[in-house]
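Q: Next comes the structure file protein_39.txt, holding compact mmCIF, C-alpha atoms.
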# COMPACT_ATOMS: atom_id res chain seq x y z
CA MET A 1 -4.32 21.99 14.93
CA LYS A 2 -1.25 22.99 12.89
CA GLY A 3 -2.65 21.05 9.92
CA ASN A 4 -5.84 23.12 10.14
CA TRP A 5 -3.84 26.36 9.78
CA VAL A 6 -1.98 25.01 6.75
CA VAL A 7 -5.14 23.85 4.97
CA LEU A 8 -6.91 27.11 5.91
CA GLY A 9 -3.98 29.14 4.57
CA VAL A 10 -3.91 27.26 1.27
CA SER A 11 -7.72 27.52 0.93
CA LEU A 12 -7.69 31.28 1.58
CA LEU A 13 -4.81 31.75 -0.86
CA VAL A 14 -6.58 29.81 -3.63
CA TRP A 15 -9.89 31.66 -2.97
CA GLY A 16 -8.07 35.02 -2.92
CA LEU A 17 -6.27 34.32 -6.20
CA LEU A 18 -9.50 33.16 -7.86
CA PHE A 19 -11.37 36.21 -6.57
CA PHE A 20 -8.83 38.70 -7.91
CA TRP A 21 -8.73 36.83 -11.22
CA PHE A 22 -12.54 37.16 -11.48
CA LEU A 23 -12.19 40.90 -10.76
CA ARG A 24 -9.60 41.24 -13.55
CA VAL A 25 -11.83 39.31 -15.96
CA GLU A 26 -14.73 41.64 -15.09
CA ARG A 27 -12.57 44.73 -15.65
CA ARG A 28 -11.50 43.38 -19.06
CA ILE A 29 -15.13 42.66 -19.99
CA LYS A 30 -16.06 46.26 -19.08
CA GLU A 31 -13.25 47.58 -21.31
CA LEU A 32 -14.45 45.46 -24.25
CA GLU A 33 -18.07 46.51 -23.70
CA LYS A 34 -17.08 50.19 -23.91
CA ARG A 35 -15.36 49.78 -27.30
CA MET B 36 -17.34 46.70 -6.26
CA GLY B 37 -18.76 46.82 -2.71
CA TRP B 38 -20.82 43.63 -2.80
CA ARG B 39 -17.94 41.73 -4.43
CA ILE B 40 -15.62 42.60 -1.54
CA GLY B 41 -18.51 41.67 0.79
CA LEU B 42 -18.76 38.26 -0.92
CA PHE B 43 -15.00 37.75 -0.63
CA LEU B 44 -15.03 38.59 3.10
CA TRP B 45 -18.16 36.51 3.72
CA ILE B 46 -16.68 33.32 2.22
CA SER B 47 -13.26 33.96 3.80
CA ALA B 48 -14.79 34.50 7.26
CA THR B 49 -16.88 31.33 6.90
CA MET B 50 -13.75 29.35 5.96
CA ILE B 51 -11.93 30.68 9.03
CA VAL B 52 -14.80 29.77 11.38
CA ALA B 53 -15.24 26.36 9.68
CA PHE B 54 -11.56 25.45 10.06
CA LEU B 55 -10.81 26.93 13.47
CA LYS B 56 -14.03 27.05 15.48
CA ALA B 57 -16.64 24.60 14.18
CA PRO B 58 -16.63 21.20 15.90
CA LEU B 59 -16.08 17.94 14.01
CA VAL B 60 -18.86 15.42 13.38
CA ALA B 61 -17.93 12.26 15.36
CA THR B 62 -18.30 9.81 12.45
CA LEU B 63 -16.67 12.08 9.86
CA GLU B 64 -13.76 13.35 11.99
CA GLU B 65 -11.39 15.67 10.06
CA THR B 66 -13.26 15.07 6.81
CA THR B 67 -16.16 17.15 8.24
CA ARG B 68 -14.59 20.19 6.56
CA VAL B 69 -15.21 18.74 3.10
CA LEU B 70 -18.92 19.28 3.89
CA TYR B 71 -18.53 23.06 3.61
CA PHE B 72 -17.29 22.76 0.03
CA HIS B 73 -18.87 19.55 -1.24
CA ILE B 74 -22.52 20.23 -0.36
CA PRO B 75 -22.60 23.87 -1.60
CA SER B 76 -21.06 22.61 -4.88
CA ALA B 77 -23.78 19.93 -5.18
CA TRP B 78 -26.44 22.52 -4.29
CA LEU B 79 -25.13 24.94 -6.92
CA THR B 80 -25.17 22.14 -9.50
CA VAL B 81 -28.94 21.83 -9.02
CA VAL B 82 -29.46 25.64 -8.94
CA ALA B 83 -27.38 26.18 -12.10
CA LEU B 84 -28.98 23.35 -14.06
CA GLY B 85 -32.43 24.53 -12.94
CA TRP B 86 -31.53 28.08 -14.07
CA SER B 87 -30.42 26.65 -17.42
CA MET B 88 -33.71 24.77 -17.82
CA LEU B 89 -35.74 27.87 -16.86
CA HIS B 90 -34.01 30.01 -19.49
CA SER B 91 -34.34 27.21 -22.06
CA VAL B 92 -38.10 27.28 -21.52
CA LEU B 93 -38.06 31.08 -21.78
CA TYR B 94 -36.07 30.83 -25.03
CA LEU B 95 -38.54 28.36 -26.55
CA TRP B 96 -41.36 30.72 -25.55
CA LYS B 97 -39.89 34.10 -26.54
CA ARG B 98 -37.14 33.14 -29.06
CA ASP B 99 -34.81 35.71 -27.51
CA LEU B 100 -31.10 34.75 -27.75
CA ARG B 101 -30.40 36.44 -24.40
CA HIS B 102 -32.20 33.49 -22.76
CA ASP B 103 -30.01 31.08 -24.73
CA ASP B 104 -26.91 32.89 -23.38
CA GLN B 105 -28.24 32.48 -19.84
CA ALA B 106 -29.07 28.79 -20.39
CA ALA B 107 -25.65 27.97 -21.89
CA ALA B 108 -23.71 29.86 -19.20
CA ALA B 109 -25.69 28.18 -16.40
CA ALA B 110 -25.14 24.72 -17.90
CA GLU B 111 -21.37 25.34 -18.11
CA LEU B 112 -21.28 26.53 -14.51
CA GLY B 113 -23.53 23.66 -13.41
CA LEU B 114 -21.08 21.22 -14.97
CA LEU B 115 -18.17 22.99 -13.26
CA PHE B 116 -19.84 22.82 -9.83
CA CYS B 117 -20.82 19.18 -10.50
CA LEU B 118 -17.15 18.44 -11.21
CA ALA B 119 -16.16 20.23 -7.98
CA ALA B 120 -18.70 18.13 -6.03
CA THR B 121 -17.40 14.94 -7.69
CA VAL B 122 -13.72 15.69 -6.98
CA SER B 123 -14.35 16.79 -3.37
CA GLY B 124 -16.56 13.71 -2.88
CA ALA B 125 -13.84 11.43 -4.28
CA LEU B 126 -11.24 12.95 -1.93
CA TRP B 127 -13.63 12.41 0.98
CA ALA B 128 -14.29 8.81 -0.17
CA LYS B 129 -10.55 8.09 -0.25
CA ALA B 130 -10.23 9.24 3.36
CA MET B 131 -13.36 7.45 4.65
CA TRP B 132 -13.85 4.42 2.39
CA GLY B 133 -10.24 3.87 1.27
CA ALA B 134 -10.84 4.41 -2.47
CA TYR B 135 -11.53 7.46 -4.62
CA TRP B 136 -14.30 5.75 -6.57
CA ASN B 137 -16.58 2.91 -5.43
CA TRP B 138 -19.59 3.08 -7.80
CA ASP B 139 -21.76 3.93 -4.81
CA PRO B 140 -25.31 4.97 -5.96
CA ARG B 141 -24.47 8.65 -5.38
CA GLU B 142 -21.22 8.39 -7.31
CA THR B 143 -22.96 6.57 -10.15
CA SER B 144 -25.77 9.12 -10.36
CA ILE B 145 -23.37 12.11 -10.36
CA PHE B 146 -21.35 10.35 -13.08
CA PHE B 147 -24.49 10.15 -15.26
CA LEU B 148 -25.21 13.81 -14.53
CA LEU B 149 -21.73 14.75 -15.73
CA LEU B 150 -22.25 12.71 -18.92
CA LEU B 151 -25.68 14.28 -19.50
CA TYR B 152 -24.43 17.86 -19.40
CA THR B 153 -21.14 17.16 -21.17
CA ALA B 154 -23.37 15.92 -24.01
CA TYR B 155 -25.31 19.22 -23.81
CA LEU B 156 -22.10 21.20 -24.37
CA ALA B 157 -21.01 18.80 -27.14
CA LEU B 158 -24.41 19.33 -28.79
CA ARG B 159 -24.01 23.12 -28.63
CA GLY B 160 -20.53 22.86 -30.12
CA SER B 161 -21.69 20.74 -33.03
CA ILE B 162 -24.54 22.93 -34.36
CA GLU B 163 -23.98 25.82 -36.77
CA GLY B 164 -26.29 28.83 -36.61
CA ASP B 165 -27.39 30.70 -33.48
CA GLU B 166 -31.14 30.10 -33.82
CA LYS B 167 -30.90 26.40 -34.60
CA ARG B 168 -28.31 25.84 -31.84
CA ALA B 169 -30.43 27.71 -29.32
CA ARG B 170 -33.64 25.83 -30.22
CA LEU B 171 -32.15 22.30 -30.14
CA SER B 172 -30.09 23.00 -27.02
CA ALA B 173 -33.14 24.40 -25.23
CA ILE B 174 -35.14 21.24 -26.00
CA TYR B 175 -32.23 19.08 -24.80
CA SER B 176 -31.80 21.15 -21.63
CA VAL B 177 -35.49 20.84 -20.68
CA LEU B 178 -35.44 17.06 -21.26
CA ALA B 179 -32.11 16.63 -19.44
CA PHE B 180 -33.36 18.51 -16.38
CA VAL B 181 -36.20 16.00 -15.97
CA ALA B 182 -33.48 13.50 -15.00
CA VAL B 183 -31.75 15.81 -12.49
CA PRO B 184 -34.13 15.37 -9.48
CA PHE B 185 -34.11 11.60 -10.06
CA LEU B 186 -30.33 11.38 -10.25
CA ILE B 187 -29.69 13.64 -7.26
CA PHE B 188 -32.61 13.02 -4.91
CA VAL B 189 -34.40 9.78 -5.87
CA VAL B 190 -31.90 7.17 -7.16
CA PRO B 191 -29.43 7.52 -4.22
CA ARG B 192 -32.33 6.92 -1.80
CA MET B 193 -33.59 3.82 -3.63
CA TYR B 194 -30.45 1.76 -3.09
CA ALA B 195 -28.30 1.00 -0.07
CA THR B 196 -25.50 3.57 0.10
CA LEU B 197 -22.47 4.25 2.23
CA HIS B 198 -22.96 7.99 1.72
CA PRO B 199 -23.72 9.86 4.99
CA ASP B 200 -27.27 11.03 5.67
CA PRO B 201 -28.26 14.03 3.60
CA ILE B 202 -28.73 17.31 5.49
CA ILE B 203 -32.48 16.81 5.76
CA ASN B 204 -32.52 13.12 6.62
CA ASP B 205 -35.20 10.41 6.42
CA ARG B 206 -36.57 11.58 9.76
CA GLY B 207 -37.14 15.03 8.23
CA LYS B 208 -34.81 16.64 10.78
CA VAL B 209 -31.57 18.58 10.54
CA ASP B 210 -29.25 16.82 13.03
CA MET B 211 -26.39 19.31 13.15
CA ASP B 212 -24.38 21.26 15.68
CA PRO B 213 -25.57 24.94 15.56
CA LEU B 214 -22.10 26.23 14.58
CA ILE B 215 -21.71 23.61 11.83
CA ARG B 216 -25.19 24.56 10.60
CA TRP B 217 -24.22 28.27 10.60
CA CYS B 218 -21.02 27.60 8.60
CA PHE B 219 -22.87 25.36 6.22
CA THR B 220 -25.69 27.88 5.61
CA ALA B 221 -23.20 30.76 5.24
CA MET B 222 -21.21 28.78 2.68
CA LEU B 223 -24.39 27.91 0.75
CA LEU B 224 -25.28 31.63 0.58
CA GLY B 225 -21.70 32.58 -0.37
CA PHE B 226 -21.55 29.98 -3.14
CA THR B 227 -24.95 31.09 -4.44
CA GLY B 228 -23.68 34.70 -4.64
CA LEU B 229 -20.53 33.46 -6.40
CA PHE B 230 -22.64 31.53 -8.92
CA PHE B 231 -24.73 34.57 -9.89
CA TRP B 232 -21.58 36.69 -10.26
CA LEU B 233 -19.87 34.10 -12.50
CA GLN B 234 -23.12 33.64 -14.41
CA SER B 235 -23.30 37.37 -15.20
CA LEU B 236 -19.64 37.36 -16.33
CA ARG B 237 -20.15 34.38 -18.64
CA VAL B 238 -23.32 35.86 -20.15
CA ARG B 239 -21.51 39.16 -20.84
CA VAL B 240 -18.70 37.25 -22.56
CA SER B 241 -21.28 35.45 -24.75
CA ARG B 242 -22.78 38.82 -25.78
CA LEU B 243 -19.32 40.17 -26.62
CA GLU B 244 -18.63 37.06 -28.71
CA ARG B 245 -21.91 37.56 -30.62
CA ARG B 246 -21.11 41.26 -31.16
CA ALA B 247 -17.66 40.36 -32.51
CA GLN B 248 -19.21 37.70 -34.76
CA LEU B 249 -21.68 40.26 -36.17
CA ALA B 250 -18.86 42.79 -36.70
CA ARG B 251 -16.90 40.21 -38.69
CA GLY B 252 -20.04 39.57 -40.77
Written as structure tokens, that's how I'd like the structure from this file.

A:
Amino acid sequence: MKGNWVVLGVSLLVWGLLFFWFLRVERRIKELEKR
Amino acid sequence: MGWRIGLFLWISATMIVAFLKAPLVATLEETTRVLYFHIPSAWLTVVALGWSMLHSVLYLWKRDLRHDDQAAAAAELGLLFCLAATVSGALWAKAMWGAYWNWDPRETSIFFLLLLYTAYLALRGSIEGDEKRARLSAIYSVLAFVAVPFLIFVVPRMYATLHPDPIINDRGKVDMDPLIRWCFTAMLLGFTGLFFWLQSLRVRVSRLERRAQLARG
């Protein structure tokens, strides 16, 4: 059961980091589109 | 912003249920969890490559470069999801079969799929001129997609394989615990939403690149 928590934690961390990176990329694209 | 946060929460909640609540399949044991990542990746490969083929046909019909942007972005994402399905499948194979790669019919067919669409990107990279690149790539994409159903659905069923039953098996039934089925369906929907988001980002980048190219002359 402990292993499940570790793998879940790592998976959520990776997904969270990817998600916020995608948001940053989208914000940058919007800035470039406005220029 | 709202639907993006919704997508984040949807996939996160599915992960939590999949890891902490969903039961394990007896034959797959702990590797059951790979299912929630591996199958949506394989599903998105087919969706993305189909989307690429659809926009290639639309490009050949209407000669509008916006369709070429869609086709190229979808092929890139299709290749990315195909790679994710291959890597997750190899990790699963190591745990269940004792080796990362066994040249099982499914592994062989996904390998050919990777080669087919890597060649598509190589083709795009080697042609000068937007119109010419778009036309030749569209023809290649349509022809390449003819092979996709064979490689994913037909070839692996023609030969003996160690790969577990697909979701809809030979008996035409879905043999799955209701909670596993819920997690699996939720992840498929989440991944599909993620694909269309990434697709829109990639297409917008392509348009910015074209605008910059025109500005440079």

Q: Give the residues of chain B that lie within 10 Å of chain A; count all atoms listed in the file, and format the answer as an mmCIF file with C-alpha atoms, in the coordinates of the input.

A:
data_model
loop_
_atom_site.group_PDB
_atom_site.id
_atom_site.type_symbol
_atom_site.label_atom_id
_atom_site.label_comp_id
_atom_site.auth_asym_id
_atom_site.auth_seq_id
_atom_site.Cartn_x
_atom_site.Cartn_y
_atom_site.Cartn_z
ATOM 1 C CA MET B 36 -17.340 46.700 -6.260
ATOM 2 C CA ARG B 39 -17.940 41.730 -4.430
ATOM 3 C CA ILE B 40 -15.620 42.600 -1.540
ATOM 4 C CA LEU B 42 -18.760 38.260 -0.920
ATOM 5 C CA PHE B 43 -15.000 37.750 -0.630
ATOM 6 C CA LEU B 44 -15.030 38.590 3.100
ATOM 7 C CA ILE B 46 -16.680 33.320 2.220
ATOM 8 C CA SER B 47 -13.260 33.960 3.800
ATOM 9 C CA ALA B 48 -14.790 34.500 7.260
ATOM 10 C CA MET B 50 -13.750 29.350 5.960
ATOM 11 C CA ILE B 51 -11.930 30.680 9.030
ATOM 12 C CA VAL B 52 -14.800 29.770 11.380
ATOM 13 C CA ALA B 53 -15.240 26.360 9.680
ATOM 14 C CA PHE B 54 -11.560 25.450 10.060
ATOM 15 C CA LEU B 55 -10.810 26.930 13.470
ATOM 16 C CA GLU B 65 -11.390 15.670 10.060
ATOM 17 C CA ARG B 68 -14.590 20.190 6.560
ATOM 18 C CA LEU B 229 -20.530 33.460 -6.400
ATOM 19 C CA TRP B 232 -21.580 36.690 -10.260
ATOM 20 C CA LEU B 233 -19.870 34.100 -12.500
ATOM 21 C CA SER B 235 -23.300 37.370 -15.200
ATOM 22 C CA LEU B 236 -19.640 37.360 -16.330
ATOM 23 C CA ARG B 237 -20.150 34.380 -18.640
ATOM 24 C CA ARG B 239 -21.510 39.160 -20.840
ATOM 25 C CA VAL B 240 -18.700 37.250 -22.560
ATOM 26 C CA ARG B 242 -22.780 38.820 -25.780
ATOM 27 C CA LEU B 243 -19.320 40.170 -26.620
ATOM 28 C CA ARG B 246 -21.110 41.260 -31.160
#

Q: Name all residues at most 12 Å from Leu59 of chain B (count only C-alpha atoms; drop same-chain ones fewer than 4 positions away) and give them as JSON, numbers by chain.

A: {"B": [53, 54, 55, 63, 64, 65, 66, 67, 68, 69, 70, 71, 211, 212, 213, 214, 215, 216]}

Q: Restricting the output to C-alpha atoms, write the selected residues as a short mmCIF file (atom, residue, chain, number, x, y, z; two decimals), in the coordinates of the input.

A:
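In the end it all went to part39.cif:
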data_model
loop_
_atom_site.label_atom_id
_atom_site.label_comp_id
_atom_site.auth_asym_id
_atom_site.auth_seq_id
_atom_site.Cartn_x
_atom_site.Cartn_y
_atom_site.Cartn_z
CA ALA B 53 -15.24 26.36 9.68
CA PHE B 54 -11.56 25.45 10.06
CA LEU B 55 -10.81 26.93 13.47
CA LEU B 63 -16.67 12.08 9.86
CA GLU B 64 -13.76 13.35 11.99
CA GLU B 65 -11.39 15.67 10.06
CA THR B 66 -13.26 15.07 6.81
CA THR B 67 -16.16 17.15 8.24
CA ARG B 68 -14.59 20.19 6.56
CA VAL B 69 -15.21 18.74 3.10
CA LEU B 70 -18.92 19.28 3.89
CA TYR B 71 -18.53 23.06 3.61
CA MET B 211 -26.39 19.31 13.15
CA ASP B 212 -24.38 21.26 15.68
CA PRO B 213 -25.57 24.94 15.56
CA LEU B 214 -22.10 26.23 14.58
CA ILE B 215 -21.71 23.61 11.83
CA ARG B 216 -25.19 24.56 10.60
#

Q: Suppose you want the space between atom CA of Ser91 of chain B and atom CA of Val177 of chain B; what is it in Å?

A: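 These two atoms are separated by 6.6 Å.
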
Q: Could you please determine the separation between atom CA of Ala173 of chain B and atom CA of Val92 of chain B in Å, to one decimal place?

A: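 Value for the atom CA of Ala173 of chain B-atom CA of Val92 of chain B distance: 6.8 Å.
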
Q: Atom CA of Gln234 of chain B and atom CA of Phe188 of chain B, how far apart in Å?

A: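 Atom-to-atom, atom CA of Phe188 of chain B and atom CA of Gln234 of chain B are spaced 24.6 Å apart.
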
Q: Taking 3 positions as the minimum chain separation for residues in the same chain, which residues sit within 10 Å of segment 151-164 of chain B when counting all atoms listed in the file? Answer as a list in words.

A: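 The neighbour list is Leu84, Ala107, Ala110, Glu111, Gly113, Leu114, Cys117, Ile145, Phe146, Phe147, Leu148, Lys167, Arg168, Ala169, Leu171, Ser172, Ala173, Tyr175, Ser176, Ala179, Phe180, Ala182 and Val183 of chain B.
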
Q: Which of these, B:Val181, B:Glu142, B:Ser241, B:Leu149, has the shortest distance to Leu89 of chain B once you count all atoms listed in the file?

A: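 Ranking B:Val181, B:Glu142, B:Ser241, B:Leu149 by distance to Leu89 of chain B, first place goes to B:Val181.
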
Q: Taking 5 positions as the minimum chain separation for residues in the same chain, which residues sit within 6 Å of segment 119-136 of chain B when counting all atoms listed in the file? Answer as number ranges by chain.

A: B: 73, 76-77
